[in-house]
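J.: Quick one: the structure is below, and I'll ask about it shortly.
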Amino acid sequence: MEDVLPSGLLEICLLVGVPRERVRALLQGPQRKPKSLPLDPELLSVFVPPFISRDDIQVINAGNNVNKSKRRSFRKKKERPKIENVKSLNGEQKAPDTEDITVPKDIDLIGLPQLCFPGGLYVTSESKEDHIHFLVFTDVYGNRTYGVVAQYYQPMQDGCISSNGQAHWESAQTGKMPVCFVPFAICVISRYPYFNALKDCLSCLLVQLRPFKDLDAEEHIKEFAAKLFLIPSPPPGPLHLVFNMKPLQIIIPSREDPDSPIIDLDLHLPLLCFKPEQVLQIMTCILTEQRIVFFSSDWALLTLVAECFMLYLHPLQWQHTFVPILSRQMLDFVMAPTSFLMGCHIDHFEVVSMETEDLILINIDNGDITHSKMAEEEPEIPDVPAQAAETFIKRVESLQLHYDLELCRLRASTDLSELQMRRRAWQQKLNTEVQQMTLQLIVNIFREVKDHLNYEHRVFNSEEFLKTRAIGDQPFYKKVLETYMFHSFLKARLNRKMDAFARLELSTQSEEDRLNLMFHTPRRLTMEKMASKQFNPQYMISRRMVISMPDLQDIKLPEGPTRNSSLRRIETGIAVKMPSKSVSTFKIPEIHFPLMFQCVHSYYTDFFNHLSKAINTLPPDNSALLARYFYLRGLISLMQGKLLNALSDFQNLDKTDLRIFPTDLVRKIVETMPPSERSQADRKPELKKLISRVMEKQREVMKIDDHVKNFELPKTHMQLDDFVKRIQESGIVKDIDTIHRLFDALTVGHQKQIDPETFRDFYNYWKETEAEAQEVNLPPTVIEHLDKNECVYKLSCSVKTNYGVGKIALTQKRLFLLTEGGRPGYVQIAAFRDIEDVKSTTVAFLLLRIPTLRIKTLSKKEVFEANLKTECDLWYLIVKEMWAGKKMADDHKDPQYIQQALTNVLLMDAVVGALQSSKTIYAASKLSYFDRMKNEVPMMVPKTTSETLKHKINPSAGETFPQAIDVLLYVPGHLDPSERPGNAHPKLWCALNEGKVVVFDASTWSIQQHCFKMGRSKLTCMIMVEQSQVWIGSQDSIIYIINTHSMSCNKQLNDHRSDVTDIIVEKKNGIPSEAYSSSLDGTVIVWNISTLKVNRVFQLPCQNLTSIKLHNDQLWCCTGSCILVVSTHEFQLQMKIEHHLKNACSYFLCFQLFPERDEVWASYSGSSDLYIWNTKDFSSTPQKIHLQDCSEITCMIRVKNQLWVGSSGRSQGKSKGKIYVISAEKKSVEKELVGHADTVKALCSAEDRYVLSGSGKEEGKIAIWKAE
C-alpha cells in the first residue's frame, strides 16, 4: 500500500562518513598529518521505516492488508559491504541482523555517499562550520525524490570520536595522537521538495547531537528519522502543518491546489544572483532545451537556483535529465548528447568548458552566462518576446528583494519564534509575487497559442502561429515550438486543462478576446490597433463596468471583433495581482519516545482527537478547511487500520472539496479490504455508493487521447468528409454547413473530390490575403471616419468611379472609397444597412463594354458607379452577400449573421483567386448563402417579434455544429471587494449537451467562461443557491456545486439515486435557508445550504417526478400522472390534481403557480392546450387556453403577471419554436413570438426585465426578449 498511501516527510535517512579504523590507520602513518586527508565516504547507517518492531506492526494493522509493503528488500549480506556492514561510530561490529531492510527502489545507495560529499571527504585538523546542501533524484519515469544533506564535524582523538569536543580516553592507550576533525553527513530523503522545512529539521538535529557519544548519536538519529516518518504531508489547499522540533517550530507548507507544485524555498534567489535580462536568458535556455550547466562555489545554491527556474516555468515542465549537483566523480555526465540541466562546483568550470562543446555555462556566483569553449560558433540564445520581456523586467524592478530593508521599520524581536514567523511571512509574500510575475510572463509568451489550435482534430498550426509573431520574436518561437516541453504544454491546452496558465489567461482576457470566442472571424487589423500602432503604443481596451443588467438598446452590439495576435500590446504599467489567500495552520501532536507500539498508538489517537475537535469547532461554511481536516483524519484512521472510518472521512470530501479526493488511495483500500469490513461498508448506503463510484470510475478509465498533430497540407485527393476535416484543421472555418458549400464551390465542373493542388492553391491564397490585409495601413484622416473595431477585409484594384479614382474597401459595416492622389482620402460609398439595390452592368467606352458595379443607397440620390472590369462579378456577389447578411442580422438581432456573411465573401474571394477558370464566379456563387436565402425565401420577421426581440447570442460559437440549450440561469451581479470588477457583472449560465456549461457576461453578452464540464450526462436544472454557489442537477444523479468565484466545481452531492430533475431554494427573511432537490424516482431531499447535510428525505408515492415548486410551506410536485401538494416538514399529502385527459399516453409536462390568484397552470405532453385549475376546488373542470400553431408546450416561466410559454411546432416540414406571452389576468395570448428555428427548450427571466429563451440543436441560439 505504501506505493499509494501518501508518504510521510521521510522515505529514508542515512548517516555517511568514514569508519574510525580508516581514520586511525591514516593518522598512524609516519608522514601523515591530519590536514586535508581525502577519503572515500561510506554509508555508516541506514534508517528506514518502519521504526517499530514487526510484532508491533502486526498489532497495529491486525486484519488490515492496506499497509503491506510493496518495496523491494535486501538482507544484510557480505556481498553488499556498504549496507550490511553497518557499524557503530566506535567501530564495534553490530550484532548480525537477519531482518530485511526495505529501501525505496528508486534510491541508489551506491552513489549516494559521493553526493553527500560532492567535493570529497577530508579529515581536517580544524573544525569547520556545519553546512547543508540539497539533492534531487529522478527515476526513469520522471518521478523526483529530494534529499537534504547536513554535513558536520566531530573531533577525534586517539581514534575515538569525542562528545562535545572532549576526548574519551581508552584505558589501553598510553600515547597521545594529534586531534583531528572527521566529517559526517546526515541525509534525509523525501518524496516532497520541503527544502526549508527539512533544513530546519536537520539544523535542530545537529544542535541536539552535540552532547551525544557515538551510539547515543545513532539512536538519536533513528528517533529523528522515525519522527519525520510519522509526519504526514498536508493535502493541497489552505492548511499548513506545524510540528515541534526543538528549538524550532517546523512548518510544512501545502501546495496551493492539486496541480500546483510545493514551494518551500526562497523563490527570489535567482533574482539576487542575476539581472532580470539574464533571468530571461536562462529561462530561454531552459525553454529551448539547451544543455545547461550551473556553477557555484556553494553546493546549496546549485540545487535551489535550479529548482527556482523549474518553478518559474510552471506549468511547463522540464522533461529531460535534471541533476543539479554533480560530484567530482560524476563530471563525465556533461558529455551526454541530449538536453540536460546539471550543476557543478565552480572549481570544475575550466575542465567542463574545455571538454564539451555546445554547453550553456551559467556562473551563479558572478552572474555570467557563457558558452563552452569548444563550440565552433557560439549558439545564439534568442531573446524572449519583447513585450513579455518588458513587462517582466518592470515587475522585477518593482520587487522588494532584501529582507534587511523590511527590518528597518520593524522593532527588534526578542523571541526566536517571532523572528522565524516574521521572516516566513515576508518570504511567503515575496514568493507569491514572484510566482505571479513568472506565470504572467509564461502567459504573455504563449497566450495566443490557443488561436491556432483545432480542438476537434487536435491540430496546432505552427506555421501560421509563427507568421503572426513579430519578426524579432520569431527566432525564439521557432526553437521553443520544437521542444518536448512545448509539446506537453500543447497537450494540456488541447485537453482544456484548467491549470494555473489557463486560469490566469482567462482572468486577464480582454473584452475583445471574449468576443472573439463568439465570432470566428478571419484575423484583420482593427482601426483601434492600426491607430495605436501608428501613434500610441500604450492602449487598453476600455471595459464596461456595470452591476445591473444593462438596457440592451444602450449596448452597441459588436459587429466584428477580431484578433491580431502579433500586434497585441501587453499592458506593462499594470501588474496582474491575485488576491492573497488566507492560510491556516494545524499543530501536530507531540511524538513520545522510545518509539514503541504504545507511543505510536498514542500519537495517532491524539492526532485523530485533535482533528475531530477542529472539525467540530469549525463553522460549516469554511468548507475548504473542513475538507483538509477530513482528509488528514482519513489518513490517520487508515494508519490505525480503521478502514470504514477512513472511507467515511474521504466521502465527506464530496461535500467539502472533491478536488483533493484520493481516488487511487480509496480504490486500493477497497481492493484490499477484508470481506467482513467490505460487507459492513456495503450495509451503509453512502459508503456503498462511494465504493461503487470509485470502482466504476476505474472500469471507465480510458486512455486520454493526447496526440498533437501539426497542420500539414493534404497529399491525396479528398472526399467531402476528409475535406471537412482538413479545412477545420487549417483554422479557416469550422462550421460544417459552410464547409459543405465550399466543397461544392471548389468542385464545380469536376467529380466530387478535391485534389491536393486545388486545396493548396485555395489555402495559400487565403493565407496570403490574410497576410496582405495585415499590411494595410490607412492614414489617420481615413481611420477617424471608421469605428474602432472595424477592419478592412478586402481592397479592390485601383478603379475609376463617379466619386473619383481609388480603391474600394470592404469592412464589416460599409463600403468606402480610398481615394488616390496627393493625399489618400475617404469617401463613403454605402453602409450595408442603407443599400437599396446592387446591379452589375456594363458601360460603353469607345468600342468597349466595361463591366460596372452600381450601388443605390437610401441616403443618397446619386448612384455609385465603379468600373471594376474583371473584378466586377466578384464584387457584385460580395456586396449582395454582405447586404443580405446585414439585413438578416438587423431583422433577427443576431450579429453573428454579419460575421457569417463576412466569412462567405472571403471564401468567395479565395475560391476565385485559387481556381482561375471560366466558372470561378459560378463556383463562388455557391457560397452566397444569405443572398440566396433572401431571394428564395423572403424572411419577414413579424412586427411583434421584431419589437420584442433585443438580441441573439450563440453559446455554440466556435464549435463545429450547434448544440441544444438544455437549461438557462440568469445570475444578478454583485460587488465583492476581493474580486476583479468583471466578476461583479451579471452572468448568464447556459447548459449544453453532455454536461457542458458556458457562462456569458450579461453586461456585454461576451463569453466569460468557455465550456467547462459537469460529468458527461445531460444537465437538467440550475439555480443560484447563494451568491457564491450555483447548483447544477444532472441525469447522472449528481448535484454539482460550482464556486462562482473560482468558476470550478469543488463539491458534489451524491445522495440521489436517479436523475436529478429540479432544485429550488427556500428563503427566510430574504436569506437562503434550505434547498429542495427532486429526482425522477420520486425522491425529495431537503439540504442545509451551509453544511450540505441532509435535513429531511421524502419518497413520493409515484414515479416520474419532473419539477417542484414551493409556496407557504407547501411543496408542489409535478409527476407524470398527477400534481401533488405536500407539507414541507411532515411531507403529508394535502392536495392532488389528477390527470384528467382521456388520452392515456399523455402526462403532465410542466406547471406554474399563481398563488395570489389561487391558480395552478399546467400542460400535458403532446398537447397545445394550457389548463388552469383553481387551487381551492380541484374537482371543478379546469379552464383551457388553446395555443395556435403549437405541437407541444415544452417549458414555461412566470414573469410579473404574465406566463411565458415555450413550444415546439412544425412549419414546412421543419422544427420551429414559438413563445407565447399569456396574460394571467385575461387568460389570453398577448404575443406570439417567432424567434427560433427549433424547439424552445429553456426559458429564464432576467430581473423581470428580460426573458431569455434557448432552442434545440438545429439552431442552438439564445434569444433575449424585452418583458413588458
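Residue numbers start at 1 in each chain; chains themselves are named A, B, ... in the order of the C-alpha cells; ligands are numbered from 1 in the order shown.
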Within 9 Å of range 392-407 of chain A, counting only C-alpha atoms, which residues qualify if same-chain residues fewer than 5 places away don't, as a PyMOL selection string?

T.: chain A and resi 268-269+271-272+276-277+280+387+412+423+426-427+430+433-434+437-438+440-441+572-573+575

J.: Please identify all polymer residues within 12 Å of Val863 in chain A, counting only C-alpha atoms, omitting same-chain residues fewer than 5 positions from it, and present them as a list in words.

T.: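 Final neighbour list, sorted by chain and number: Thr801, Asn802, Tyr803, Ile829, Ala830, Ile835, Glu836, Asp837, Val838, Lys839, Thr852, Leu853, Arg854, Ile855, Lys856, Thr857 and Leu858 of chain A.
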
J.: Those same residues, written as a CSV table (one decimal), in the first residue's frame with N, CA and C atoms?

T.:
chain,number,residue,atom,x,y,z
A,801,THR,N,-14.2,55.6,-60.6
A,801,THR,CA,-15.6,55.6,-60.1
A,801,THR,C,-16.2,57.1,-60.3
A,802,ASN,N,-17.5,57.2,-60.2
A,802,ASN,CA,-18.0,58.5,-60.3
A,802,ASN,C,-17.7,59.4,-59.0
A,803,TYR,N,-17.1,58.8,-58.0
A,803,TYR,CA,-16.6,59.5,-56.8
A,803,TYR,C,-15.1,59.9,-56.9
A,829,ILE,N,-19.1,55.1,-49.5
A,829,ILE,CA,-20.0,54.6,-50.6
A,829,ILE,C,-21.3,54.2,-50.1
A,830,ALA,N,-21.3,53.3,-49.1
A,830,ALA,CA,-22.6,52.8,-48.5
A,830,ALA,C,-22.4,52.0,-47.3
A,835,ILE,N,-28.1,50.1,-48.1
A,835,ILE,CA,-28.2,49.7,-49.6
A,835,ILE,C,-29.6,49.4,-50.0
A,836,GLU,N,-30.0,50.0,-51.1
A,836,GLU,CA,-31.3,49.8,-51.7
A,836,GLU,C,-31.3,48.8,-52.8
A,837,ASP,N,-30.2,48.9,-53.6
A,837,ASP,CA,-30.1,48.0,-54.8
A,837,ASP,C,-28.7,47.9,-55.2
A,838,VAL,N,-28.3,46.7,-55.8
A,838,VAL,CA,-27.0,46.5,-56.3
A,838,VAL,C,-27.1,45.8,-57.7
A,839,LYS,N,-26.4,46.4,-58.7
A,839,LYS,CA,-26.5,45.8,-60.1
A,839,LYS,C,-25.1,45.7,-60.7
A,852,THR,N,-19.4,47.2,-64.9
A,852,THR,CA,-19.5,48.3,-63.9
A,852,THR,C,-20.5,47.8,-62.8
A,853,LEU,N,-20.1,48.2,-61.6
A,853,LEU,CA,-20.9,47.9,-60.4
A,853,LEU,C,-21.7,49.2,-60.0
A,854,ARG,N,-23.0,49.0,-59.8
A,854,ARG,CA,-23.8,50.1,-59.4
A,854,ARG,C,-24.5,49.8,-58.1
A,855,ILE,N,-24.3,50.8,-57.2
A,855,ILE,CA,-24.9,50.6,-55.8
A,855,ILE,C,-25.8,51.8,-55.5
A,856,LYS,N,-27.1,51.5,-55.2
A,856,LYS,CA,-28.0,52.6,-54.9
A,856,LYS,C,-28.3,52.5,-53.4
A,857,THR,N,-28.2,53.7,-52.7
A,857,THR,CA,-28.5,53.7,-51.3
A,857,THR,C,-29.7,54.5,-50.9
A,858,LEU,N,-30.2,54.3,-49.7
A,858,LEU,CA,-31.4,55.0,-49.3
A,858,LEU,C,-31.1,56.5,-49.0

J.: Using only C-alpha atoms, which protein or nucleic acid residues come within 6 Å of Asn363 in chain A? Drop anything in the same chain fewer than 4 positions from it, and give the result as an mmCIF file with N, CA, C and O atoms, in the first residue's frame.

T.:
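The result, stored in result_24.cif:
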data_model
loop_
_atom_site.group_PDB
_atom_site.id
_atom_site.type_symbol
_atom_site.label_atom_id
_atom_site.label_comp_id
_atom_site.auth_asym_id
_atom_site.auth_seq_id
_atom_site.Cartn_x
_atom_site.Cartn_y
_atom_site.Cartn_z
ATOM 1 N N PHE A 295 27.095 26.674 -12.293
ATOM 2 C CA PHE A 295 28.314 26.589 -11.479
ATOM 3 C C PHE A 295 28.177 27.502 -10.268
ATOM 4 O O PHE A 295 27.613 28.598 -10.379
ATOM 5 N N GLY A 367 27.156 35.809 -11.970
ATOM 6 C CA GLY A 367 26.065 36.168 -12.882
ATOM 7 C C GLY A 367 26.410 36.069 -14.352
ATOM 8 O O GLY A 367 25.641 36.536 -15.198
ATOM 9 N N ASP A 368 27.523 35.410 -14.708
ATOM 10 C CA ASP A 368 27.908 35.302 -16.118
ATOM 11 C C ASP A 368 27.180 34.142 -16.794
ATOM 12 O O ASP A 368 26.968 33.084 -16.189
#

J.: So which residues of range 109-233 of chain A fall under strand (DSSP E) by DSSP, listed as a PyMOL selection string?

T.: chain A and resi 121-123+131-138+144-157+160-161+180-190

J.: Restricting the output to N, CA and C atoms, write the selected residues as a CSV table (one decimal), in the first residue's frame.

T.:
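The resulting selection-v8.csv:
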chain,number,residue,atom,x,y,z
A,121,LEU,N,35.5,14.0,0.8
A,121,LEU,CA,35.5,13.9,2.3
A,121,LEU,C,37.0,14.1,2.7
A,122,TYR,N,37.2,15.1,3.6
A,122,TYR,CA,38.5,15.4,4.1
A,122,TYR,C,38.5,15.4,5.6
A,123,VAL,N,39.5,14.7,6.2
A,123,VAL,CA,39.7,14.8,7.6
A,123,VAL,C,40.6,16.0,7.8
A,131,HIS,N,27.3,22.7,7.5
A,131,HIS,CA,26.6,23.2,6.3
A,131,HIS,C,25.7,22.2,5.6
A,132,ILE,N,24.7,22.8,4.9
A,132,ILE,CA,23.6,22.0,4.3
A,132,ILE,C,23.6,22.2,2.8
A,133,HIS,N,23.3,21.1,2.1
A,133,HIS,CA,23.1,21.2,0.6
A,133,HIS,C,21.9,20.3,0.3
A,134,PHE,N,21.5,20.4,-1.0
A,134,PHE,CA,20.2,19.8,-1.4
A,134,PHE,C,20.4,18.9,-2.6
A,135,LEU,N,19.7,17.8,-2.7
A,135,LEU,CA,19.8,16.9,-3.8
A,135,LEU,C,18.5,16.6,-4.5
A,136,VAL,N,18.5,16.3,-5.8
A,136,VAL,CA,17.3,15.9,-6.5
A,136,VAL,C,17.6,14.7,-7.3
A,137,PHE,N,16.8,13.6,-7.1
A,137,PHE,CA,16.9,12.4,-7.8
A,137,PHE,C,15.7,12.2,-8.8
A,138,THR,N,16.0,11.7,-10.0
A,138,THR,CA,14.9,11.4,-10.9
A,138,THR,C,14.9,10.0,-11.4
A,144,ARG,N,10.4,12.5,-9.2
A,144,ARG,CA,11.5,13.1,-8.5
A,144,ARG,C,11.4,12.8,-7.0
A,145,THR,N,12.6,12.6,-6.4
A,145,THR,CA,12.8,12.4,-4.9
A,145,THR,C,13.8,13.5,-4.5
A,146,TYR,N,13.7,13.9,-3.3
A,146,TYR,CA,14.5,15.1,-2.9
A,146,TYR,C,15.3,14.7,-1.6
A,147,GLY,N,16.6,15.2,-1.6
A,147,GLY,CA,17.4,14.9,-0.4
A,147,GLY,C,17.9,16.2,0.2
A,148,VAL,N,18.0,16.2,1.5
A,148,VAL,CA,18.6,17.4,2.2
A,148,VAL,C,19.8,16.8,3.0
A,149,VAL,N,21.0,17.3,2.8
A,149,VAL,CA,22.2,16.8,3.5
A,149,VAL,C,22.8,17.8,4.4
A,150,ALA,N,23.0,17.4,5.7
A,150,ALA,CA,23.7,18.2,6.6
A,150,ALA,C,25.1,17.6,6.9
A,151,GLN,N,26.1,18.4,6.7
A,151,GLN,CA,27.5,18.0,7.0
A,151,GLN,C,27.9,18.6,8.3
A,152,TYR,N,28.5,17.8,9.2
A,152,TYR,CA,29.0,18.3,10.4
A,152,TYR,C,30.3,17.6,10.8
A,153,TYR,N,31.1,18.2,11.7
A,153,TYR,CA,32.4,17.7,12.0
A,153,TYR,C,32.5,17.2,13.5
A,154,GLN,N,33.1,16.1,13.7
A,154,GLN,CA,33.3,15.6,15.1
A,154,GLN,C,34.8,15.5,15.3
A,155,PRO,N,35.2,15.9,16.5
A,155,PRO,CA,36.6,15.8,16.9
A,155,PRO,C,37.0,14.3,17.2
A,156,MET,N,38.2,13.9,16.8
A,156,MET,CA,38.7,12.6,17.1
A,156,MET,C,40.0,12.6,17.7
A,157,GLN,N,40.2,11.9,18.8
A,157,GLN,CA,41.5,11.9,19.5
A,157,GLN,C,41.7,10.4,19.9
A,160,CYS,N,39.2,8.0,18.9
A,160,CYS,CA,37.8,8.0,19.4
A,160,CYS,C,37.1,9.3,19.0
A,161,ILE,N,35.9,9.1,18.7
A,161,ILE,CA,35.1,10.3,18.5
A,161,ILE,C,34.7,10.9,19.8
A,180,CYS,N,42.1,15.4,15.4
A,180,CYS,CA,41.6,15.8,14.1
A,180,CYS,C,40.1,15.9,14.1
A,181,PHE,N,39.6,16.3,13.0
A,181,PHE,CA,38.1,16.5,12.9
A,181,PHE,C,37.6,15.7,11.7
A,182,VAL,N,36.6,14.8,11.9
A,182,VAL,CA,36.1,13.9,10.9
A,182,VAL,C,34.7,14.4,10.5
A,183,PRO,N,34.5,14.6,9.2
A,183,PRO,CA,33.2,15.0,8.7
A,183,PRO,C,32.2,13.8,8.6
A,184,PHE,N,31.0,14.1,9.0
A,184,PHE,CA,29.9,13.1,8.8
A,184,PHE,C,28.7,13.9,8.1
A,185,ALA,N,27.9,13.1,7.4
A,185,ALA,CA,26.7,13.7,6.8
A,185,ALA,C,25.4,12.9,7.1
A,186,ILE,N,24.4,13.6,7.4
A,186,ILE,CA,23.1,13.0,7.6
A,186,ILE,C,22.2,13.4,6.4
A,187,CYS,N,21.7,12.4,5.7
A,187,CYS,CA,20.9,12.7,4.5
A,187,CYS,C,19.5,12.3,4.8
A,188,VAL,N,18.6,13.2,4.6
A,188,VAL,CA,17.1,12.8,4.7
A,188,VAL,C,16.6,12.9,3.3
A,189,ILE,N,15.9,11.8,2.9
A,189,ILE,CA,15.3,11.7,1.5
A,189,ILE,C,13.8,11.7,1.7
A,190,SER,N,13.2,12.5,0.8
A,190,SER,CA,11.7,12.7,0.9
A,190,SER,C,11.1,12.7,-0.5

J.: Which residues come within 7 Å of range 451-454 of chain A, counting only C-alpha atoms, excluding same-chain residues fewer than 4 positions away, as JSON, numbers by chain?

T.: {"A": [458, 459, 460, 461, 465, 729, 731]}

J.: Name the residues of range 592-690 of chain A that fall into helix (DSSP H, G or I) according to DSSP on the backbone, using the chain letters and numbers of this document, as a ChimeraX atom specification.

T.: /A:597-617,623-639,643-655,658-660,663-672,675-682,685-690

J.: I want to know what sits within 7 Å of Gly1082 in chain A, based on only C-alpha atoms, with residues of the same chain fewer than 4 positions away left out; could you give that as a list of chain:residue names?

T.: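 Using only C-alpha atoms, the neighbours found are A:Ser1078, A:Gln1099, A:Leu1100, A:Cys1102, A:Gln1103, A:Asn1104, A:Leu1105.
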
J.: Can you tell me, as a PyMOL selection string, what residues are no more than 12 Å from Asp1238 in chain A when counting only C-alpha atoms, ignoring any on the same chain fewer than 4 positions away?

T.: chain A and resi 962-965+1194+1206-1211+1213-1219+1234+1242+1253-1262

J.: Quick check, in Å to one decimal: how far apart do CA of Phe597 in chain A and CA of Ala226 in chain A lie?

T.: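 Taking CA of Phe597 in chain A as the start and CA of Ala226 in chain A as the end point, the length is 12.5 Å.
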
J.: One number please: CA of Pro685 in chain A to CA of Lys1051 in chain A, in Å, one decimal.

T.: 19.2 Å

J.: Which residues come within 12 Å of Ile282 in chain A, counting only C-alpha atoms, excluding same-chain residues fewer than 3 positions away, as a PyMOL selection string?

T.: chain A and resi 270-271+273-279+285-294+305-306+308-310+312-313+341+360-364+367-370+381-384
